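Enquirer: The following file, data_10.txt, comprises compact mmCIF, C-alpha atoms:
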```
# COMPACT_ATOMS: atom_id res chain seq x y z
CA MET J 1 130.16 -65.64 95.31
CA LYS J 2 132.70 -68.41 95.75
CA ALA J 3 134.62 -66.35 98.31
CA ALA J 4 131.40 -65.64 100.23
CA ALA J 5 130.51 -69.32 100.24
CA ASN J 6 133.91 -70.29 101.60
CA LYS J 7 134.31 -67.60 104.28
CA GLY J 8 132.62 -69.75 106.92
CA ALA J 9 134.18 -73.08 105.93
CA GLY J 10 135.63 -74.79 108.99
CA VAL J 11 134.40 -72.11 111.42
CA ARG J 12 132.68 -73.46 114.53
CA VAL J 13 129.83 -71.10 115.40
CA ALA J 14 128.05 -71.35 118.75
CA ILE J 15 124.32 -70.54 118.96
CA GLN J 16 121.79 -70.66 121.77
CA GLY J 17 119.09 -73.17 120.93
CA GLU J 18 118.66 -76.30 118.87
CA LEU J 19 119.67 -77.02 115.31
CA GLY J 20 116.95 -75.74 113.02
CA SER J 21 116.38 -72.59 115.09
CA PHE J 22 116.31 -69.07 113.71
CA SER J 23 119.80 -68.60 115.18
CA HIS J 24 120.95 -71.64 113.16
CA GLU J 25 119.51 -70.10 110.00
CA ALA J 26 121.13 -66.73 110.73
CA ALA J 27 124.51 -68.38 111.37
CA GLU J 28 124.42 -70.17 108.02
CA ARG J 29 123.36 -66.98 106.24
CA MET J 30 126.21 -65.01 107.83
CA LEU J 31 128.91 -67.68 107.55
CA GLN J 32 128.14 -70.17 104.80
CA ARG J 33 129.43 -73.72 105.30
CA CYS J 34 130.15 -73.10 108.98
CA THR J 35 129.72 -75.79 111.63
CA VAL J 36 126.94 -74.80 114.01
CA VAL J 37 127.38 -75.73 117.67
CA PRO J 38 124.04 -75.68 119.56
CA CYS J 39 124.10 -74.60 123.23
CA VAL J 40 121.40 -74.97 125.86
CA ARG J 41 122.05 -71.64 127.57
CA SER J 42 123.24 -68.25 126.35
CA ALA J 43 126.01 -68.26 128.95
CA GLU J 44 127.36 -71.46 127.38
CA VAL J 45 127.68 -69.64 124.03
CA PHE J 46 129.98 -67.05 125.61
CA ASP J 47 131.84 -69.71 127.61
CA ARG J 48 132.61 -71.61 124.39
CA LEU J 49 134.05 -68.46 122.86
CA HIS J 50 136.17 -67.85 125.95
CA ARG J 51 137.49 -71.44 126.01
CA GLY J 52 138.09 -71.54 122.25
CA SER J 53 135.77 -74.48 121.55
CA ALA J 54 133.91 -72.12 119.20
CA THR J 55 135.56 -69.64 116.84
CA ALA J 56 132.55 -67.34 116.66
CA ALA J 57 128.97 -67.03 117.89
CA VAL J 58 125.72 -65.78 116.41
CA ILE J 59 123.24 -64.33 118.89
CA PRO J 60 119.88 -62.58 118.54
CA ILE J 61 120.13 -59.12 120.05
CA GLU J 62 116.85 -57.47 119.11
CA ASN J 63 113.44 -58.29 117.66
CA SER J 64 111.40 -55.64 115.85
CA LEU J 65 108.33 -56.55 117.96
CA ALA J 66 109.67 -57.92 121.26
CA GLY J 67 112.62 -55.53 121.64
CA THR J 68 116.11 -56.20 122.99
CA VAL J 69 117.21 -59.63 124.19
CA ALA J 70 118.20 -58.41 127.65
CA GLU J 71 120.38 -61.37 128.63
CA HIS J 72 122.51 -61.02 125.51
CA ALA J 73 122.95 -57.29 126.03
CA ASP J 74 124.22 -57.98 129.57
CA LEU J 75 126.56 -60.73 128.36
CA LEU J 76 128.11 -58.45 125.72
CA VAL J 77 129.16 -56.03 128.46
CA ALA J 78 130.33 -58.76 130.85
CA HIS J 79 132.58 -60.61 128.36
CA ASP J 80 135.54 -59.65 126.18
CA VAL J 81 133.88 -60.14 122.80
CA PHE J 82 133.64 -58.02 119.67
CA ILE J 83 130.69 -57.60 117.28
CA GLN J 84 131.95 -58.15 113.73
CA ALA J 85 128.69 -58.11 111.75
CA GLU J 86 124.93 -57.80 112.02
CA PHE J 87 122.18 -59.51 110.04
CA LEU J 88 118.41 -58.98 109.83
CA LEU J 89 116.38 -62.18 109.53
CA ARG J 90 112.71 -62.16 108.58
CA ILE J 91 110.83 -64.24 111.18
CA ALA J 92 108.04 -66.41 109.77
CA HIS J 93 106.33 -68.82 112.16
CA ASN J 94 104.93 -72.11 110.93
CA LEU J 95 102.76 -74.82 112.47
CA ILE J 96 104.89 -77.98 112.25
CA ALA J 97 103.80 -81.52 113.19
CA ALA J 98 105.00 -85.09 112.94
CA PRO J 99 104.26 -86.75 109.58
CA GLY J 100 100.68 -88.01 109.38
CA VAL J 101 99.20 -85.50 111.84
CA ASN J 102 96.07 -83.72 110.63
CA PHE J 103 95.40 -80.06 111.49
CA ASN J 104 91.89 -80.85 112.78
CA ALA J 105 93.42 -83.14 115.42
CA VAL J 106 95.75 -80.47 116.85
CA ARG J 107 94.98 -79.38 120.41
CA ARG J 108 98.39 -78.10 121.64
CA ALA J 109 101.04 -75.83 120.13
CA PHE J 110 104.51 -75.80 121.74
CA SER J 111 107.01 -72.99 121.22
CA HIS J 112 109.13 -70.32 122.86
CA PRO J 113 106.96 -67.80 124.76
CA VAL J 114 108.04 -64.95 122.45
CA ALA J 115 106.99 -66.95 119.37
CA LEU J 116 103.63 -67.82 120.96
CA ASP J 117 103.06 -64.15 121.76
CA GLN J 118 103.72 -63.24 118.13
CA CYS J 119 100.93 -65.59 116.97
CA ARG J 120 98.08 -64.30 119.14
CA ASP J 121 95.71 -63.80 116.20
CA PHE J 122 96.11 -67.45 115.23
CA PHE J 123 95.16 -68.64 118.72
CA ARG J 124 92.17 -66.30 118.80
CA LYS J 125 90.92 -67.83 115.54
CA HIS J 126 91.57 -71.39 116.78
CA PRO J 127 90.58 -71.42 120.49
CA ARG J 128 90.68 -75.21 120.62
CA ILE J 129 94.51 -75.06 120.33
CA GLU J 130 96.29 -74.35 123.60
CA PRO J 131 99.60 -72.43 123.44
CA VAL J 132 102.21 -74.28 125.53
CA PRO J 133 105.49 -72.49 126.42
CA PHE J 134 108.64 -74.43 125.49
CA TYR J 135 112.35 -73.63 125.82
CA ASP J 136 113.04 -73.22 122.09
CA THR J 137 111.19 -72.87 118.78
CA ALA J 138 113.17 -75.55 116.95
CA GLY J 139 113.26 -77.62 120.14
CA SER J 140 109.46 -77.73 120.11
CA VAL J 141 109.48 -79.26 116.62
CA LYS J 142 112.20 -81.72 117.61
CA TYR J 143 110.03 -82.78 120.56
CA VAL J 144 106.68 -83.24 118.79
CA VAL J 145 108.28 -85.14 115.89
CA ALA J 146 110.45 -87.36 118.09
CA GLN J 147 107.47 -88.21 120.32
CA ARG J 148 105.16 -88.48 117.29
CA LEU J 149 102.49 -86.58 119.21
CA PRO J 150 99.16 -87.00 117.36
CA ASP J 151 97.52 -83.86 118.79
CA ALA J 152 100.44 -81.39 119.04
CA VAL J 153 102.55 -79.12 116.87
CA GLY J 154 105.61 -76.94 117.28
CA ILE J 155 105.79 -73.34 116.08
CA ALA J 156 109.07 -72.55 114.37
CA GLY J 157 110.75 -71.64 111.09
CA ARG J 158 111.01 -73.78 107.97
CA HIS J 159 114.59 -74.59 108.95
CA ALA J 160 113.24 -76.65 111.85
CA ALA J 161 110.82 -78.58 109.63
CA ARG J 162 113.72 -79.55 107.35
CA GLU J 163 116.04 -80.40 110.24
CA TYR J 164 113.59 -82.78 111.95
CA SER J 165 111.53 -83.98 108.97
CA GLY J 166 108.40 -82.27 110.26
CA LYS J 167 105.29 -81.46 108.25
CA ILE J 168 104.21 -77.83 107.87
CA LEU J 169 100.45 -77.73 108.48
CA LYS J 170 100.11 -73.95 108.20
CA ALA J 171 102.75 -71.45 107.10
CA GLY J 172 103.18 -67.81 108.08
CA ILE J 173 100.91 -67.75 111.13
CA GLU J 174 102.66 -64.76 112.75
CA ASP J 175 100.54 -61.65 113.39
CA ASP J 176 102.96 -59.15 111.82
CA LYS J 177 104.57 -59.92 108.47
CA ARG J 178 107.24 -57.29 109.17
CA ASN J 179 108.74 -59.29 112.01
CA PHE J 180 112.54 -59.22 111.97
CA THR J 181 115.26 -60.29 114.37
CA ARG J 182 118.64 -58.61 114.41
CA PHE J 183 121.57 -60.97 114.93
CA PHE J 184 125.18 -60.25 115.86
CA LEU J 185 128.21 -62.23 114.74
CA ILE J 186 130.68 -62.01 117.64
CA ARG J 187 134.27 -63.13 118.15
CA LYS J 188 136.49 -63.42 121.19
CA ALA J 189 138.29 -60.15 121.83
CA PRO J 190 141.99 -59.76 122.62
CA ARG J 191 142.72 -60.47 126.26
CA ARG J 192 141.76 -57.65 128.65
CA ALA J 193 140.73 -55.49 125.69
CA GLY J 194 137.90 -53.95 127.69
CA GLN J 195 140.32 -52.68 130.32
CA ILE J 196 142.78 -51.56 127.62
CA GLN J 197 140.25 -49.40 125.81
CA ALA J 198 139.03 -47.81 129.04
CA ARG J 199 142.53 -47.12 130.38
CA GLU J 200 144.64 -46.26 127.35
CA GLY J 201 142.21 -44.79 124.87
CA ARG J 202 140.77 -45.34 121.45
CA ALA J 203 144.02 -45.60 119.49
CA THR J 204 145.16 -48.66 121.44
CA PHE J 205 141.69 -50.14 121.21
CA ALA J 206 141.48 -49.69 117.44
CA SER J 207 144.86 -51.30 116.82
CA ALA J 208 143.96 -54.25 119.05
CA TYR J 209 140.75 -54.84 117.12
CA ARG J 210 141.95 -53.88 113.65
CA ARG J 211 141.70 -57.38 112.23
CA PHE J 212 138.09 -57.66 113.47
CA ILE J 213 136.83 -54.45 111.84
CA PRO J 214 135.47 -55.32 108.37
CA ARG J 215 136.05 -53.15 105.33
CA GLY J 216 133.18 -50.71 104.86
CA ALA J 217 132.28 -50.68 108.58
CA ASN J 218 129.83 -47.83 109.14
CA LYS J 219 128.14 -48.64 112.44
CA THR J 220 129.34 -48.83 116.05
CA SER J 221 127.75 -50.33 119.16
CA ILE J 222 128.80 -49.09 122.59
CA ALA J 223 127.83 -49.37 126.24
CA PHE J 224 128.43 -46.58 128.72
CA LYS J 225 127.51 -45.49 132.24
CA VAL J 226 127.00 -41.85 133.10
CA LYS J 227 128.08 -40.24 136.32
CA ASN J 228 125.32 -39.45 138.84
CA LEU J 229 125.43 -35.70 138.21
CA PRO J 230 122.92 -33.19 136.84
CA GLY J 231 123.03 -33.07 133.03
CA ALA J 232 125.32 -36.10 132.73
CA LEU J 233 123.19 -37.85 130.10
CA PHE J 234 122.74 -34.61 128.15
CA LYS J 235 126.53 -34.11 128.07
CA SER J 236 127.05 -37.72 126.97
CA LEU J 237 124.65 -37.42 124.05
CA SER J 238 126.00 -34.02 123.04
CA VAL J 239 129.35 -35.57 122.03
CA PHE J 240 127.52 -37.15 119.09
CA ALA J 241 125.25 -34.19 118.27
CA LEU J 242 128.23 -31.80 118.10
CA ARG J 243 129.77 -33.98 115.37
CA ASP J 244 126.53 -34.67 113.44
CA ILE J 245 126.73 -38.36 114.32
CA SER J 246 123.35 -40.08 114.16
CA LEU J 247 122.32 -42.41 116.98
CA SER J 248 120.20 -45.22 115.53
CA LYS J 249 119.38 -46.67 118.94
CA ILE J 250 119.73 -45.89 122.64
CA GLU J 251 118.28 -47.64 125.69
CA SER J 252 119.18 -48.34 129.30
CA ARG J 253 119.55 -51.58 131.24
CA PRO J 254 119.98 -52.18 135.00
CA MET J 255 123.52 -53.05 136.08
CA ARG J 256 123.81 -56.53 137.55
CA GLY J 257 124.81 -56.42 141.24
CA ARG J 258 124.37 -52.61 141.46
CA PRO J 259 120.71 -51.80 142.21
CA TRP J 260 119.30 -48.61 140.69
CA GLU J 261 122.34 -48.06 138.51
CA TYR J 262 122.04 -48.29 134.74
CA VAL J 263 124.09 -48.89 131.61
CA PHE J 264 123.17 -47.18 128.35
CA TYR J 265 123.45 -49.10 125.09
CA ALA J 266 123.78 -47.06 121.91
CA ASP J 267 124.35 -47.64 118.21
CA PHE J 268 125.66 -44.82 116.05
CA LEU J 269 126.12 -44.63 112.31
CA ARG J 270 129.89 -44.19 111.96
CA GLY J 271 132.74 -46.64 111.64
CA ASP J 272 136.32 -46.30 112.86
CA ASP J 273 136.92 -42.76 111.59
CA GLU J 274 138.14 -39.48 113.08
CA PRO J 275 134.70 -38.08 114.10
CA ALA J 276 133.84 -41.36 115.84
CA ARG J 277 137.20 -41.49 117.61
CA ASN J 278 136.83 -37.91 118.79
CA ALA J 279 133.27 -38.52 119.99
CA LEU J 280 134.34 -41.56 122.01
CA ARG J 281 137.33 -39.72 123.42
CA HIS J 282 135.00 -36.91 124.51
CA LEU J 283 132.46 -39.40 125.90
CA ARG J 284 135.12 -40.92 128.14
CA GLU J 285 135.69 -37.51 129.69
CA VAL J 286 132.06 -37.20 130.83
CA ALA J 287 131.04 -40.87 131.39
CA GLU J 288 132.00 -43.24 134.18
CA PHE J 289 132.95 -45.95 131.71
CA VAL J 290 132.68 -46.64 127.97
CA LYS J 291 132.95 -49.99 126.24
CA VAL J 292 133.02 -50.34 122.45
CA LEU J 293 131.10 -53.52 121.72
CA GLY J 294 131.76 -53.63 118.00
CA ILE J 295 132.38 -51.80 114.72
CA TYR J 296 130.74 -53.37 111.68
CA GLN J 297 128.77 -52.81 108.49
CA ALA J 298 125.11 -51.92 109.00
CA ALA J 299 122.69 -54.57 107.76
```
Could you spell out this file's structure in structure tokens?
Expert:
Amino acid sequence: MKAAANKGAGVRVAIQGELGSFSHEAAERMLQRCTVVPCVRSAEVFDRLHRGSATAAVIPIENSLAGTVAEHADLLVAHDVFIQAEFLLRIAHNLIAAPGVNFNAVRRAFSHPVALDQCRDFFRKHPRIEPVPFYDTAGSVKYVVAQRLPDAVGIAGRHAAREYSGKILKAGIEDDKRNFTRFFLIRKAPRRAGQIQAREGRATFASAYRRFIPRGANKTSIAFKVKNLPGALFKSLSVFALRDISLSKIESRPMRGRPWEYVFYADFLRGDDEPARNALRHLREVAEFVKVLGIYQAA
């Protein structure tokens, strides 16, 4: 336990959003005693990694209700970073106000649009309360407490209430109690690693990333683009089926700057072992490009 508590000591971890956000909570759960660096934009998170002003970053990549965070998926492909771990955080939304505010006085609820959408039943039951989109869940609590708004609340996690000394008026107002967000812990990759793995093969890639692959890694995330030929996707997926490798996720995203072309994102349940290496070697023969985004232990 002591080793786990110390593994994040002194590590500067960039997150998108304010202190007290779900990303803040996930960062502290993944790297105890780390220093969290809040960023306004997701691009700033990746820029901090590139410049070295942050040692690591924690980003939400997928919500069990809202799906993939598209911007973060695009940024993982565009930047030389490596996924080192994943974490599943239970998302519980709470109505948080400035001290002294009474629930009966509340007429507005600020929060991120995704959070508001996940509390639709609450707004149906309380039609007098208007949902107001805001840039961040924790930021909404910071705002209503700092302004001491008498008729407004923020919707966020308990972390935000503690961070800004807010008062929880109602807890657990989300529609679905099985609401989880999947977070990635990412690090800056070796320079030009993306080009190295595409040009020189898996062996060079694995040695370059060896210090980033945790013991017990049993899951891999990749991005790949198939050639515009009949059966190209079938051939790409067959490299995993032939080796009894289970895909836990696959989806496509449009390529930025290349209309009507798509990148496939896939997770498969193998680490850095011989079947996985052979599958990726085979995939490179039939795909236009392949990028290994990370090898880590499944949450």
Enquirer: Can you tell me how far CA of Ala279 (chain J) sits from CA of Ala266 (chain J), in Å to one decimal?
Expert: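 Taking CA of Ala279 (chain J) and CA of Ala266 (chain J), their separation equals 12.9 Å.
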Enquirer: Quick one: pull the distance between CA of Asn218 (chain J) and CA of Phe234 (chain J), Å, one decimal.
Expert: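 We find that CA of Asn218 (chain J) and CA of Phe234 (chain J) lie 24.2 Å from each other.
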Enquirer: So, with all atoms listed in the file as the atoms that count, which of J:Ala156, J:Val81, J:Ala54, J:Ala14 lies closest to Pro190 (chain J)?
Expert: J:Val81
Enquirer: Could you make a table, as CSV, of the residues of region 17-70 of chain J that have an atom within 10 Å of an atom of region 84-96 of chain J, each with its nearest atom pair and distance in Å to one decimal, counting all atoms listed in the file, in chain and number order?
Expert:
```
residue,atom,partner,partner_atom,distance
J:Phe22,CA,J:Ile91,CA,7.7
J:Ser23,CA,J:Leu89,CA,9.2
J:Glu25,CA,J:Leu89,CA,8.5
J:Ala26,CA,J:Leu89,CA,6.7
J:Ala27,CA,J:Phe87,CA,9.3
J:Arg29,CA,J:Phe87,CA,8.5
J:Met30,CA,J:Phe87,CA,7.2
J:Ala56,CA,J:Gln84,CA,9.7
J:Val58,CA,J:Glu86,CA,9.1
J:Ile59,CA,J:Glu86,CA,9.6
J:Pro60,CA,J:Phe87,CA,9.3
J:Ile61,CA,J:Glu86,CA,9.4
J:Glu62,CA,J:Leu88,CA,9.5
J:Asn63,CA,J:Ile91,CA,9.2
J:Ser64,CA,J:Ile91,CA,9.8
```
Enquirer: Residues within 7 Å of Val290 (chain J), please, as a short mmCIF file (atom, residue, chain, number, x, y, z; two decimals) with C-alpha atoms, keeping the file's coordinate frame. Count only C-alpha atoms; anything in the same chain fewer than 3 positions from it doesn't count.
Expert:
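And here is the file that came out, around_33.cif:
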```cif
data_model
loop_
_atom_site.label_atom_id
_atom_site.label_comp_id
_atom_site.auth_asym_id
_atom_site.auth_seq_id
_atom_site.Cartn_x
_atom_site.Cartn_y
_atom_site.Cartn_z
CA ALA J 198 139.03 -47.81 129.04
CA ALA J 223 127.83 -49.37 126.24
CA PHE J 224 128.43 -46.58 128.72
CA LYS J 225 127.51 -45.49 132.24
CA ARG J 284 135.12 -40.92 128.14
CA ALA J 287 131.04 -40.87 131.39
#
```
Enquirer: Work out how far CA of His79 (chain J) is from CA of Glu261 (chain J), in Å to one decimal.
Expert: 19.1 Å
Enquirer: Need to verify the contact set: Ala217 (chain J), 10 Å, only C-alpha atoms, exclusion of same-chain residues closer than 5 positions in sequence. Can you return it as a PyMOL selection string?
Expert: chain J and resi 84-85+269-273+294-298
Enquirer: Find, counting all atoms listed in the file, the residue in J:Ile173, J:Ser111, J:Ala97, J:Leu247 that gets nearest to His126 (chain J).
Expert: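 With all atoms listed in the file as the atom set, the closest residue is J:Ile173.
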Enquirer: Contacts of Ile129 (chain J) at 8 Å or less, counting all atoms listed in the file, minus same-chain residues fewer than 5 places along, as a list of chain:residue names?
Expert: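 Those residues are J:Val106, J:Arg107, J:Arg108, J:Ala109, J:Phe123.
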Enquirer: Taking 6 positions as the minimum chain separation for residues in the same chain, which residues sit within 9 Å of His159 (chain J) when counting only C-alpha atoms? Answer as a count of residues only.
Expert: 7
Enquirer: When you count all atoms listed in the file, which of these residues is closest to Phe110 (chain J): J:Glu18, J:Asp267, J:Asp151, J:Glu71?
Expert: J:Asp151
Enquirer: Give as a ChimeraX atom specification each residue that has an atom at most 10 Å from (135.5, -63.8, 126.0) in the file, counting only C-alpha atoms.
Expert: /J:45-52,75-76,78-82,186-193
Enquirer: Looking at J:Pro127, J:Ala98, J:Leu169, J:Glu174, which one is nearest to Arg148 (chain J), with distances taken over all atoms listed in the file?
Expert: J:Ala98
Enquirer: Nearest to Tyr262 (chain J): which of J:Glu288, J:Glu44, J:Asp121, J:Asp136 is it, counting all atoms listed in the file?
Expert: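 Looking at the shortest contact to Tyr262 (chain J), the residue is J:Glu288.
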